[in-house]
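Raw contents of input01.tsv, TSV, C-alpha atoms and all ligand atoms:
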```
chain	number	residue	atom	x	y	z
A	1019	MET	CA	248.15	149.01	144.65
A	1020	ASN	CA	249.43	149.01	141.09
A	1021	GLY	CA	250.86	152.33	139.90
A	1022	VAL	CA	250.45	154.01	143.28
A	1023	LYS	CA	253.30	155.76	145.07
A	1024	ARG	CA	253.48	157.35	148.52
A	1025	SER	CA	254.68	160.92	148.16
A	1026	ARG	CA	254.80	164.25	149.86
A	1027	ILE	CA	253.08	166.96	147.80
A	1028	GLU	CA	253.83	170.61	148.52
A	1029	ILE	CA	251.53	173.33	147.18
A	1030	ASP	CA	252.35	177.04	147.30
A	1031	ASP	CA	249.50	179.00	148.94
A	1032	ILE	CA	249.96	182.06	146.79
A	1033	SER	CA	250.51	180.68	143.31
A	1034	GLY	CA	248.38	177.57	143.93
A	1035	LEU	CA	251.03	175.52	142.12
A	1036	ILE	CA	252.68	172.26	143.12
A	1037	THR	CA	256.21	173.24	144.16
A	1038	LYS	CA	257.64	169.88	145.15
A	1039	VAL	CA	256.81	166.16	145.00
A	1040	SER	CA	259.18	164.12	147.16
A	1041	GLU	CA	259.64	161.24	149.62
A	1042	PRO	CA	256.99	161.23	152.37
A	1043	THR	CA	258.89	162.71	155.32
A	1044	GLY	CA	258.25	165.23	158.11
A	1045	SER	CA	254.94	166.70	159.25
A	1046	ALA	CA	252.17	167.82	156.90
A	1047	ASP	CA	248.80	169.59	156.90
A	1048	PHE	CA	247.18	166.32	155.89
A	1049	ILE	CA	248.46	162.78	156.01
A	1050	PHE	CA	246.49	160.21	154.02
A	1051	LYS	CA	246.87	156.54	154.88
A	1052	ASP	CA	244.41	154.63	152.72
A	1053	GLU	CA	242.98	157.36	150.53
A	1054	LEU	CA	244.07	157.84	146.93
A	1055	ILE	CA	245.22	161.25	145.69
A	1056	PHE	CA	244.56	161.90	142.00
A	1057	PRO	CA	245.53	164.84	139.82
A	1058	GLY	CA	242.23	166.81	139.91
A	1059	PHE	CA	239.46	165.37	137.76
A	1060	ILE	CA	238.41	167.48	134.77
A	1061	ASP	CA	235.01	167.22	133.12
A	1062	LEU	CA	235.05	168.20	129.44
A	1063	HIS	CA	231.27	168.14	128.99
A	1064	VAL	CA	229.17	170.31	131.30
A	1065	HIS	CA	226.05	172.39	130.71
A	1066	ALA	CA	226.01	175.06	133.44
A	1067	ARG	CA	223.02	176.79	131.79
A	1068	GLU	CA	223.89	180.37	132.73
A	1069	ASP	CA	224.20	182.92	129.92
A	1070	SER	CA	223.60	186.65	129.50
A	1071	SER	CA	219.82	186.10	129.17
A	1072	HIS	CA	219.81	184.48	132.64
A	1073	THR	CA	216.58	182.72	131.64
A	1074	GLN	CA	217.85	179.29	132.71
A	1075	ASP	CA	219.64	180.23	135.93
A	1076	TYR	CA	216.85	178.50	137.84
A	1077	LYS	CA	218.35	175.15	136.71
A	1078	GLU	CA	222.02	175.92	137.41
A	1079	ASP	CA	224.53	178.75	137.19
A	1080	PHE	CA	228.31	178.94	137.15
A	1081	LYS	CA	228.48	179.20	140.95
A	1082	THR	CA	226.32	176.15	141.70
A	1083	ALA	CA	227.86	174.10	138.87
A	1084	GLY	CA	231.30	174.89	140.34
A	1085	GLU	CA	230.15	173.87	143.82
A	1086	ALA	CA	228.67	170.62	142.50
A	1087	ALA	CA	231.94	169.98	140.67
A	1088	ILE	CA	234.06	170.45	143.82
A	1089	ASN	CA	231.62	168.18	145.67
A	1090	GLY	CA	232.36	165.48	143.10
A	1091	GLY	CA	236.13	166.05	142.94
A	1092	VAL	CA	236.09	167.95	139.64
A	1093	VAL	CA	238.65	170.79	139.68
A	1094	ALA	CA	237.86	172.40	136.28
A	1095	PHE	CA	235.33	171.92	133.52
A	1096	ALA	CA	234.65	172.78	129.91
A	1097	GLU	CA	231.21	174.22	129.27
A	1098	MET	CA	228.82	173.84	126.35
A	1099	PRO	CA	227.36	176.67	124.22
A	1100	ASN	CA	223.73	175.66	123.54
A	1101	ASN	CA	222.36	178.64	125.47
A	1102	PRO	CA	219.45	180.97	124.60
A	1103	VAL	CA	222.21	183.52	123.80
A	1104	PRO	CA	224.92	181.20	122.42
A	1105	PRO	CA	228.59	182.27	122.49
A	1106	ILE	CA	229.32	182.18	118.74
A	1107	ASP	CA	231.56	185.21	118.15
A	1108	ASP	CA	234.15	187.31	120.01
A	1109	VAL	CA	231.60	189.57	121.70
A	1110	SER	CA	229.11	186.93	122.85
A	1111	TYR	CA	231.96	184.64	123.97
A	1112	GLU	CA	233.64	187.31	126.13
A	1113	LYS	CA	230.29	188.28	127.63
A	1114	LYS	CA	229.64	184.70	128.70
A	1115	LYS	CA	233.27	184.35	129.89
A	1116	GLU	CA	232.70	187.17	132.39
A	1117	LEU	CA	229.86	185.20	133.99
A	1118	THR	CA	232.21	182.27	134.70
A	1119	GLN	CA	234.03	184.45	137.28
A	1120	GLU	CA	231.30	183.39	139.73
A	1121	SER	CA	232.48	179.79	139.56
A	1122	PRO	CA	234.85	178.64	142.34
A	1123	ILE	CA	236.80	176.63	139.74
A	1124	GLU	CA	238.14	177.36	136.26
A	1125	VAL	CA	235.68	177.10	133.39
A	1126	VAL	CA	236.79	176.84	129.76
A	1127	LEU	CA	233.99	177.74	127.35
A	1128	TYR	CA	233.27	176.07	124.06
A	1129	ALA	CA	232.18	178.47	121.35
A	1130	GLY	CA	229.16	177.33	119.36
A	1131	ILE	CA	229.16	176.53	115.68
A	1132	GLY	CA	225.83	177.21	113.99
A	1133	PRO	CA	224.70	177.93	110.44
A	1134	ASP	CA	227.15	180.49	108.91
A	1135	THR	CA	229.27	181.14	112.04
A	1136	LYS	CA	233.03	181.83	111.76
A	1137	PRO	CA	236.00	181.11	114.09
A	1138	LEU	CA	236.76	183.56	116.90
A	1139	SER	CA	239.90	185.67	116.86
A	1140	LYS	CA	241.40	183.79	119.84
A	1141	THR	CA	242.04	180.05	120.23
A	1142	VAL	CA	239.00	178.34	121.79
A	1143	PRO	CA	237.41	174.90	121.58
A	1144	TYR	CA	234.26	174.66	119.46
A	1145	LYS	CA	231.10	172.58	119.68
A	1146	ALA	CA	228.88	171.59	116.76
A	1147	PHE	CA	225.44	170.04	117.25
A	1148	MET	CA	224.86	167.94	114.13
A	1149	GLY	CA	221.16	167.46	114.89
A	1150	PRO	CA	218.55	168.98	117.23
A	1151	SER	CA	219.01	168.25	120.95
A	1152	VAL	CA	218.48	170.90	123.64
A	1153	GLY	CA	218.42	174.48	122.33
A	1154	GLU	CA	218.32	176.08	118.89
A	1155	LEU	CA	221.98	175.78	117.91
A	1156	PHE	CA	222.05	172.93	115.38
A	1157	PHE	CA	222.17	171.98	111.70
A	1158	HIS	CA	219.34	170.55	109.58
A	1159	SER	CA	221.49	168.65	107.09
A	1160	GLN	CA	225.04	167.42	106.49
A	1161	LYS	CA	225.34	169.79	103.54
A	1162	GLU	CA	224.50	172.79	105.73
A	1163	LEU	CA	227.02	171.59	108.34
A	1164	GLU	CA	229.83	171.16	105.82
A	1165	GLU	CA	229.21	174.62	104.35
A	1166	THR	CA	229.97	176.07	107.80
A	1167	ILE	CA	232.76	173.66	108.81
A	1168	LYS	CA	234.70	174.84	105.74
A	1169	ASN	CA	235.35	178.03	107.72
A	1170	TYR	CA	236.93	176.08	110.61
A	1171	GLU	CA	239.92	174.32	109.02
A	1172	ARG	CA	242.44	172.99	111.64
A	1173	GLN	CA	240.23	174.06	114.56
A	1174	ASN	CA	239.40	172.01	117.67
A	1175	ILE	CA	235.78	170.89	117.31
A	1176	SER	CA	233.62	168.66	119.50
A	1177	PHE	CA	230.68	167.02	117.74
A	1178	HIS	CA	227.29	166.01	119.10
A	1179	CYS	CA	226.71	163.14	116.69
A	1180	GLU	CA	223.10	162.43	115.78
A	1181	ASP	CA	222.09	162.58	112.13
A	1182	SER	CA	219.24	165.07	111.76
A	1183	VAL	CA	217.80	163.33	108.68
A	1184	ILE	CA	217.53	159.97	110.54
A	1185	LEU	CA	216.08	161.78	113.59
A	1186	GLU	CA	213.50	163.44	111.35
A	1187	SER	CA	212.49	160.18	109.71
A	1188	SER	CA	212.16	158.41	113.11
A	1189	LYS	CA	210.28	161.15	114.90
A	1190	GLY	CA	206.94	159.31	114.73
A	1191	ALA	CA	208.33	156.31	116.65
A	1192	PRO	CA	206.61	155.43	119.95
A	1193	THR	CA	209.47	155.87	122.43
A	1194	HIS	CA	212.33	158.32	122.94
A	1195	GLU	CA	214.80	155.47	122.36
A	1196	ASN	CA	213.20	154.58	118.99
A	1197	LYS	CA	213.00	158.22	117.94
A	1198	ARG	CA	216.78	158.44	118.25
A	1199	PRO	CA	218.09	155.07	117.03
A	1200	LYS	CA	221.74	154.12	117.19
A	1201	GLU	CA	221.96	154.41	113.39
A	1202	ALA	CA	221.58	158.19	113.84
A	1203	GLU	CA	224.76	158.27	115.93
A	1204	ILE	CA	226.75	155.90	113.73
A	1205	SER	CA	225.91	157.86	110.56
A	1206	ALA	CA	226.79	161.18	112.21
A	1207	VAL	CA	230.10	159.81	113.52
A	1208	ASP	CA	230.95	158.75	109.96
A	1209	PHE	CA	230.26	162.26	108.75
A	1210	ALA	CA	232.23	163.89	111.58
A	1211	LEU	CA	235.23	161.68	110.73
A	1212	TYR	CA	234.91	162.60	107.05
A	1213	LEU	CA	234.91	166.32	107.97
A	1214	THR	CA	237.86	165.80	110.32
A	1215	LYS	CA	239.98	164.31	107.54
A	1216	LYS	CA	238.88	166.73	104.83
A	1217	TYR	CA	239.35	169.94	106.85
A	1218	ASN	CA	242.24	168.78	109.09
A	1219	LEU	CA	240.20	169.28	112.22
A	1220	ILE	CA	241.20	168.25	115.73
A	1221	SER	CA	237.95	166.56	116.65
A	1222	LYS	CA	236.26	165.13	119.70
A	1223	ILE	CA	233.20	162.89	119.48
A	1224	CYS	CA	230.92	163.66	122.43
A	1225	HIS	CA	229.07	161.12	124.58
A	1226	CYS	CA	229.64	158.12	122.31
A	1227	SER	CA	227.05	155.42	123.02
A	1228	THR	CA	227.67	152.60	120.55
A	1229	ILE	CA	230.49	150.12	120.06
A	1230	GLU	CA	230.09	150.49	116.29
A	1231	SER	CA	231.02	154.19	116.55
A	1232	ILE	CA	233.96	153.41	118.85
A	1233	GLU	CA	235.30	150.91	116.29
A	1234	LYS	CA	235.13	153.52	113.51
A	1235	ILE	CA	237.02	155.97	115.72
A	1236	ILE	CA	239.70	153.40	116.60
A	1237	ASN	CA	240.20	152.72	112.88
A	1238	VAL	CA	240.74	156.33	111.86
A	1239	LYS	CA	242.96	157.00	114.89
A	1240	LYS	CA	245.26	154.29	113.51
A	1241	GLN	CA	245.48	156.29	110.26
A	1242	GLY	CA	246.71	159.28	112.24
A	1243	VAL	CA	243.43	161.24	112.14
A	1244	LYS	CA	243.23	163.65	115.08
A	1245	VAL	CA	240.11	162.50	116.88
A	1246	SER	CA	239.30	161.65	120.49
A	1247	VAL	CA	236.13	160.43	122.15
A	1248	GLU	CA	234.08	160.89	125.34
A	1249	VAL	CA	231.78	158.52	127.22
A	1250	THR	CA	229.26	159.49	129.92
A	1251	PRO	CA	228.61	157.86	133.31
A	1252	HIS	CA	225.00	157.10	132.26
A	1253	HIS	CA	226.06	155.11	129.21
A	1254	LEU	CA	228.51	153.17	131.38
A	1255	PHE	CA	226.02	152.52	134.17
A	1256	PHE	CA	222.55	152.03	132.62
A	1257	ASP	CA	221.32	149.82	129.81
A	1258	GLU	CA	217.93	148.81	128.41
A	1259	THR	CA	217.56	146.04	130.99
A	1260	MET	CA	217.54	148.67	133.75
A	1261	LEU	CA	214.89	151.02	132.35
A	1262	ASP	CA	211.49	150.82	134.00
A	1263	GLU	CA	208.40	152.97	134.26
A	1264	LYS	CA	209.74	154.72	137.35
A	1265	ASN	CA	213.14	155.83	136.05
A	1266	HIS	CA	212.35	156.10	132.33
A	1267	THR	CA	211.65	159.84	132.21
A	1268	LEU	CA	214.50	160.75	134.57
A	1269	LEU	CA	216.94	158.77	132.40
A	1270	GLN	CA	215.79	160.35	129.14
A	1271	VAL	CA	218.89	161.69	127.39
A	1272	ASN	CA	220.42	162.27	123.94
A	1273	PRO	CA	221.79	159.94	122.71
A	1274	PRO	CA	219.35	157.74	124.63
A	1275	ILE	CA	219.94	154.77	126.89
A	1276	ARG	CA	218.84	152.16	124.35
A	1277	GLN	CA	221.85	149.90	124.52
A	1278	SER	CA	222.18	146.22	125.34
A	1279	LYS	CA	224.12	145.15	128.41
A	1280	GLU	CA	226.79	143.81	126.06
A	1281	ASN	CA	227.23	147.24	124.43
A	1282	ARG	CA	227.47	148.85	127.87
A	1283	LEU	CA	230.17	146.44	129.04
A	1284	GLY	CA	231.97	147.06	125.74
A	1285	LEU	CA	232.04	150.81	126.48
A	1286	ILE	CA	233.47	150.10	129.94
A	1287	SER	CA	236.28	147.96	128.43
A	1288	ALA	CA	237.01	150.61	125.80
A	1289	LEU	CA	237.37	153.26	128.52
A	1290	LYS	CA	239.58	150.96	130.59
A	1291	ASN	CA	241.90	150.00	127.73
A	1292	GLY	CA	242.31	153.56	126.46
A	1293	ASP	CA	240.23	153.37	123.25
A	1294	ILE	CA	237.90	155.95	124.82
A	1295	ASP	CA	239.82	159.05	125.89
A	1296	TYR	CA	237.63	160.81	128.46
A	1297	LEU	CA	235.04	160.19	131.15
A	1298	ALA	CA	232.92	163.31	130.46
A	1299	THR	CA	229.56	163.62	132.18
A	1300	ASP	CA	227.29	165.69	129.91
A	1301	HIS	CA	226.04	167.20	133.20
A	1302	ALA	CA	222.66	168.60	132.13
A	1303	PRO	CA	220.72	169.98	135.09
A	1304	HIS	CA	216.99	170.18	134.39
A	1305	THR	CA	214.37	170.34	137.13
A	1306	VAL	CA	212.40	167.20	138.02
A	1307	GLU	CA	209.25	168.93	136.69
A	1308	GLU	CA	210.97	169.49	133.33
A	1309	LYS	CA	212.12	165.89	133.27
A	1310	LYS	CA	208.54	164.73	133.75
A	1311	LYS	CA	207.60	166.78	130.68
A	1312	GLY	CA	210.22	164.98	128.59
A	1313	MET	CA	213.36	167.15	128.76
A	1314	SER	CA	216.54	165.25	127.89
A	1315	GLY	CA	219.68	165.19	130.05
A	1316	MET	CA	220.72	164.50	133.65
A	1317	PRO	CA	223.07	165.98	136.27
A	1318	HIS	CA	226.34	164.26	137.24
A	1319	LEU	CA	228.94	166.63	138.70
A	1320	ASP	CA	228.20	165.88	142.38
A	1321	THR	CA	228.65	162.15	141.88
A	1322	TYR	CA	231.78	162.16	139.68
A	1323	GLY	CA	234.14	160.86	142.40
A	1324	SER	CA	231.74	158.18	143.69
A	1325	PHE	CA	231.22	157.05	140.11
A	1326	VAL	CA	235.00	156.71	139.70
A	1327	ALA	CA	235.03	154.58	142.86
A	1328	TRP	CA	232.39	152.37	141.22
A	1329	LEU	CA	234.60	151.96	138.12
A	1330	MET	CA	237.50	150.95	140.37
A	1331	LYS	CA	235.66	148.54	142.66
A	1332	GLU	CA	233.11	147.05	140.23
A	1333	HIS	CA	235.13	147.11	137.03
A	1334	SER	CA	238.72	146.89	138.32
A	1335	PHE	CA	239.94	150.22	136.94
A	1336	THR	CA	243.46	150.84	138.24
A	1337	PRO	CA	244.41	154.28	139.62
A	1338	GLY	CA	246.50	154.73	136.45
A	1339	GLU	CA	243.53	154.01	134.18
A	1340	VAL	CA	241.37	156.47	136.15
A	1341	THR	CA	244.09	159.13	135.99
A	1342	ARG	CA	244.37	158.75	132.22
A	1343	VAL	CA	240.66	159.28	131.41
A	1344	CYS	CA	239.65	161.61	134.27
A	1345	SER	CA	242.75	163.80	134.72
A	1346	GLN	CA	245.55	163.46	132.18
A	1347	ASN	CA	243.70	163.29	128.83
A	1348	PRO	CA	241.15	165.96	129.75
A	1349	GLY	CA	244.02	168.01	131.24
A	1350	ASN	CA	245.86	167.85	127.92
A	1351	PHE	CA	242.66	169.05	126.25
A	1352	ILE	CA	241.99	172.13	128.39
A	1353	ASN	CA	245.67	173.02	128.78
A	1354	GLN	CA	245.51	174.22	125.16
A	1355	PHE	CA	243.01	176.92	126.16
A	1356	THR	CA	244.24	178.12	129.56
A	1357	GLN	CA	247.45	179.44	131.12
A	1358	SER	CA	247.28	176.80	133.87
A	1359	LYS	CA	248.60	173.26	133.72
A	1360	TYR	CA	246.17	170.47	134.67
A	1361	GLY	CA	246.39	166.69	134.66
A	1362	LYS	CA	249.52	165.71	136.59
A	1363	ILE	CA	250.91	165.72	140.13
A	1364	LYS	CA	254.14	167.39	139.15
A	1365	GLU	CA	256.09	170.53	139.92
A	1366	GLY	CA	254.64	173.51	138.02
A	1367	TYR	CA	251.21	171.93	137.62
A	1368	LEU	CA	248.18	173.29	139.51
A	1369	GLY	CA	247.81	172.14	143.10
A	1370	SER	CA	244.29	170.90	142.39
A	1371	LEU	CA	243.69	167.36	143.59
A	1372	SER	CA	240.86	164.84	144.03
A	1373	ILE	CA	241.03	162.50	147.00
A	1374	LEU	CA	239.01	159.27	147.08
A	1375	ASP	CA	238.42	156.86	149.92
A	1376	LEU	CA	237.60	153.44	148.52
A	1377	THR	CA	236.73	152.10	151.96
A	1378	ARG	CA	233.99	154.64	152.65
A	1379	SER	CA	230.83	153.76	150.72
A	1380	VAL	CA	228.21	156.43	150.15
A	1381	LYS	CA	224.47	156.44	149.55
A	1382	ILE	CA	223.49	159.13	147.05
A	1383	THR	CA	220.77	161.28	148.60
A	1384	GLU	CA	219.39	164.72	147.72
A	1385	ASP	CA	220.95	166.41	150.75
A	1386	LYS	CA	224.43	165.49	149.47
A	1387	LEU	CA	223.94	167.34	146.16
A	1388	LYS	CA	225.05	170.89	145.40
A	1389	THR	CA	223.58	171.16	141.90
A	1390	LYS	CA	220.71	173.63	141.81
A	1391	CYS	CA	218.38	171.08	140.19
A	1392	LYS	CA	218.71	168.90	143.30
A	1393	TRP	CA	218.39	165.40	141.92
A	1394	SER	CA	220.66	162.66	140.64
A	1395	PRO	CA	220.07	159.64	138.40
A	1396	PHE	CA	221.88	157.66	141.11
A	1397	GLU	CA	219.67	158.73	144.02
A	1398	GLY	CA	219.11	155.92	146.51
A	1399	MET	CA	222.07	153.94	145.18
A	1400	ILE	CA	225.13	153.04	147.20
A	1401	PHE	CA	228.53	153.61	145.64
A	1402	PRO	CA	231.46	151.62	147.02
A	1403	GLY	CA	233.73	154.61	147.69
A	1404	SER	CA	233.53	158.36	148.03
A	1405	GLN	CA	235.12	161.69	147.28
A	1406	VAL	CA	236.44	162.82	150.69
A	1407	MET	CA	238.39	165.96	149.80
A	1408	THR	CA	238.94	168.24	146.84
A	1409	ILE	CA	241.83	170.69	146.72
A	1410	ILE	CA	241.58	173.68	144.37
A	1411	LYS	CA	244.93	175.50	143.90
A	1412	GLY	CA	245.92	174.59	147.46
A	1413	ARG	CA	242.57	175.47	148.99
A	1414	VAL	CA	241.01	172.54	150.85
A	1415	TYR	CA	237.34	171.52	150.53
A	1416	GLU	CA	236.83	168.76	153.08
A	1417	LYS	CA	233.73	166.64	153.61
B	1501	ZN	ZN	225.80	167.81	126.11
```
How does the structure come out when it is put into structure tokens?
Ligand SMILES: [Zn+2]
Amino acid sequence: MNGVKRSRIEIDDISGLITKVSEPTGSADFIFKDELIFPGFIDLHVHAREDSSHTQDYKEDFKTAGEAAINGGVVAFAEMPNNPVPPIDDVSYEKKKELTQESPIEVVLYAGIGPDTKPLSKTVPYKAFMGPSVGELFFHSQKELEETIKNYERQNISFHCEDSVILESSKGAPTHENKRPKEAEISAVDFALYLTKKYNLISKICHCSTIESIEKIINVKKQGVKVSVEVTPHHLFFDETMLDEKNHTLLQVNPPIRQSKENRLGLISALKNGDIDYLATDHAPHTVEEKKKGMSGMPHLDTYGSFVAWLMKEHSFTPGEVTRVCSQNPGNFINQFTQSKYGKIKEGYLGSLSILDLTRSVKITEDKLKTKCKWSPFEGMIFPGSQVMTIIKGRVYEK
């Protein structure tokens, strides 16, 4: 297969680091014939729900989110701050950081940006919610947002792009999709790009759902503006032609699934050709009961690897293209905020690997999920390949 090499990978038990990558000779703990070994996948957009209030631990916590991640081949994740007690300053951030010790994999926390917050004393990634989504941490207007962003010059900020004024004016619309039209995203992306240029930010646009927004991002990237962009599995997999009465509430999410099939296929091409930088899930574990009441978001960590197999088999992603958007680019992102090195199979990098078998299809069923919320938007579906092993710093998690 294109871009694939047979190699022997040695990982030191104690340091957990890759010590040698060489010709495939001699005996080994594991010998893979047909499976593909990737530098461990990294998910830059996870909501693990746990915070110092512990009021949402019934949905997920750092331990179960970490277990779901390993189950899906994810070896580290970056976690979002829209908690009841949001991490917005040194004290609240460190308090939440302590809770991440329960996770079996490394968690990098975003600090929240809300009205009148200021940067922390250490280097961390930030998240700004431009309009209301889940939680109370958001801005009511662009003016209010800019007043705060002024404090964050040259910082690394991820934006949830939905324009609160457009959301407000559409809130009487009959469906979730119409309440959050694509114009809300496009307008907010424009404003995020304006802020990025004006305040020299290093920005990331979260869960981008429209081709129009992607085109704007491509244009400013060409001008040297420091911006990157995520796409979710649900915006790559579902479109308006697939919504029905049965799945409609489970698939409710912000930004919504309101796209045409053409837009969806456009997002897949943009991820494949490198215009989109990251496959990031927006893993948002709510209970099925909460979903029935209209809560937005869906879980994804458990199915990350099978979803990658779908991209490879159904949409001809090469191993190199997968590595770029699932390992290398997200690795470069979190490497700025941790001592470890993620994203490559190379001496000195972490011995954390994701191993896929493209010949072993898998049916997604509840018993295969480790997330505490115990459901998946893909339940009942068959993916054409599966995650068969995840290695975390040399420690093997086999299926
Ligand atoms: Zn999110």
A:Asp1375, A:Asp1300, A:Glu1280, A:Asp1030: which is nearest ligand ZN 1501 (chain B), counting all atoms listed in the file?
-> A:Asp1300
Point-to-point distance from CA of Ile1049 in chain A to CA of Ser1324 in chain A, Å rounded to tenths |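 About the pair CA of Ile1049 in chain A and CA of Ser1324 in chain A: they are 21.3 Å apart.
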Could you list, as an mmCIF file with C-alpha atoms, in the coordinates of the input, all residues that come within 9 Å of ligand ZN 1501 (chain B)? Count all atoms listed in the file.
```
data_model
loop_
_atom_site.group_PDB
_atom_site.id
_atom_site.type_symbol
_atom_site.label_atom_id
_atom_site.label_comp_id
_atom_site.auth_asym_id
_atom_site.auth_seq_id
_atom_site.Cartn_x
_atom_site.Cartn_y
_atom_site.Cartn_z
ATOM 1 C CA HIS A 1063 231.270 168.140 128.990
ATOM 2 C CA VAL A 1064 229.170 170.310 131.300
ATOM 3 C CA HIS A 1065 226.050 172.390 130.710
ATOM 4 C CA GLU A 1097 231.210 174.220 129.270
ATOM 5 C CA MET A 1098 228.820 173.840 126.350
ATOM 6 C CA ASN A 1100 223.730 175.660 123.540
ATOM 7 C CA SER A 1151 219.010 168.250 120.950
ATOM 8 C CA VAL A 1152 218.480 170.900 123.640
ATOM 9 C CA HIS A 1178 227.290 166.010 119.100
ATOM 10 C CA CYS A 1224 230.920 163.660 122.430
ATOM 11 C CA HIS A 1225 229.070 161.120 124.580
ATOM 12 C CA ASN A 1272 220.420 162.270 123.940
ATOM 13 C CA THR A 1299 229.560 163.620 132.180
ATOM 14 C CA ASP A 1300 227.290 165.690 129.910
ATOM 15 C CA HIS A 1301 226.040 167.200 133.200
ATOM 16 C CA ALA A 1302 222.660 168.600 132.130
ATOM 17 C CA GLY A 1315 219.680 165.190 130.050
#
```
Go through range 1036-1121 of chain A residue by residue and, counting only C-alpha atoms, keep those with an atom at most 7 Å from range 1129-1150 of chain A; for each kept residue give the shortest atom pair and its distance in Å to one decimal, ordered by chain and increasing number, as JSON lines.
```
{"residue": "A:Pro1099", "atom": "CA", "partner": "A:Gly1130", "partner_atom": "CA", "distance": 5.2}
{"residue": "A:Pro1104", "atom": "CA", "partner": "A:Gly1130", "partner_atom": "CA", "distance": 6.5}
{"residue": "A:Pro1105", "atom": "CA", "partner": "A:Ala1129", "partner_atom": "CA", "distance": 5.4}
{"residue": "A:Ile1106", "atom": "CA", "partner": "A:Gly1130", "partner_atom": "CA", "distance": 4.9}
{"residue": "A:Asp1107", "atom": "CA", "partner": "A:Leu1138", "partner_atom": "CA", "distance": 5.6}
{"residue": "A:Asp1108", "atom": "CA", "partner": "A:Leu1138", "partner_atom": "CA", "distance": 5.5}
{"residue": "A:Tyr1111", "atom": "CA", "partner": "A:Ala1129", "partner_atom": "CA", "distance": 6.7}
```
Could you check how far CA of Asp1262 in chain A sits from CA of Tyr1076 in chain A, in Å to one decimal?
->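 Separating CA of Asp1262 in chain A from CA of Tyr1076 in chain A is a distance of 28.5 Å.
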Please measure the separation of CA of Lys1386 in chain A and CA of Asp1320 in chain A, giving the value in Å to one decimal.
->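 One can read the CA of Lys1386 in chain A to CA of Asp1320 in chain A distance as 8.0 Å.
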Excluding range 1032-1046 of chain A and residues on its chain fewer than 4 positions from it, collect all residues at most 12 Å away from it, counting all atoms listed in the file, and give them as a PyMOL selection string.
-> chain A and resi 1023-1028+1050-1051+1057+1358-1371+1409-1414
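If only C-alpha atoms are the atoms counted, then among A:Asn1174, A:Asn1281, A:Thr1228, A:Ser1070 the closest residue to Val1207 in chain A is A:Thr1228.
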Check the smallest atom-to-atom distance from each of A:Cys1391, A:Leu1117, A:Cys1344, A:Ala1206 to Ser1231 in chain A using only C-alpha atoms, then report the winner.
->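 Nearest to Ser1231 in chain A: A:Ala1206.
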Might you pull out every residue within 10 Å of Ala1210 in chain A, with all atoms listed in the file counted and same-chain residues fewer than 5 positions away left off, and present them as a list of chain:residue names?
->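 Once the adjacent positions are removed, what remains is A:Ala1146, A:Met1148, A:Gln1160, A:Leu1163, A:Glu1164, A:Ile1175, A:Ser1176, A:Phe1177, A:His1178, A:Cys1179, A:Ile1204, A:Ser1205, A:Lys1215, A:Lys1216, A:Leu1219, A:Ser1221, A:Lys1222, A:Ile1223, A:Val1245.
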Residues within 10 Å of Asp1257 in chain A, please, as a PDB file with C-alpha atoms, keeping the file's coordinate frame. Count all atoms listed in the file; anything in the same chain fewer than 2 positions from it doesn't count.
```pdb
ATOM      1  CA  HIS A1252     225.000 157.100 132.260  1.00  0.00           C
ATOM      2  CA  HIS A1253     226.060 155.110 129.210  1.00  0.00           C
ATOM      3  CA  LEU A1254     228.510 153.170 131.380  1.00  0.00           C
ATOM      4  CA  PHE A1255     226.020 152.520 134.170  1.00  0.00           C
ATOM      5  CA  THR A1259     217.560 146.040 130.990  1.00  0.00           C
ATOM      6  CA  MET A1260     217.540 148.670 133.750  1.00  0.00           C
ATOM      7  CA  LEU A1261     214.890 151.020 132.350  1.00  0.00           C
ATOM      8  CA  PRO A1274     219.350 157.740 124.630  1.00  0.00           C
ATOM      9  CA  ILE A1275     219.940 154.770 126.890  1.00  0.00           C
ATOM     10  CA  ARG A1276     218.840 152.160 124.350  1.00  0.00           C
ATOM     11  CA  GLN A1277     221.850 149.900 124.520  1.00  0.00           C
ATOM     12  CA  SER A1278     222.180 146.220 125.340  1.00  0.00           C
ATOM     13  CA  LYS A1279     224.120 145.150 128.410  1.00  0.00           C
ATOM     14  CA  GLU A1280     226.790 143.810 126.060  1.00  0.00           C
ATOM     15  CA  ASN A1281     227.230 147.240 124.430  1.00  0.00           C
ATOM     16  CA  ARG A1282     227.470 148.850 127.870  1.00  0.00           C
ATOM     17  CA  LEU A1283     230.170 146.440 129.040  1.00  0.00           C
TER      18      LEU A1283
END
```
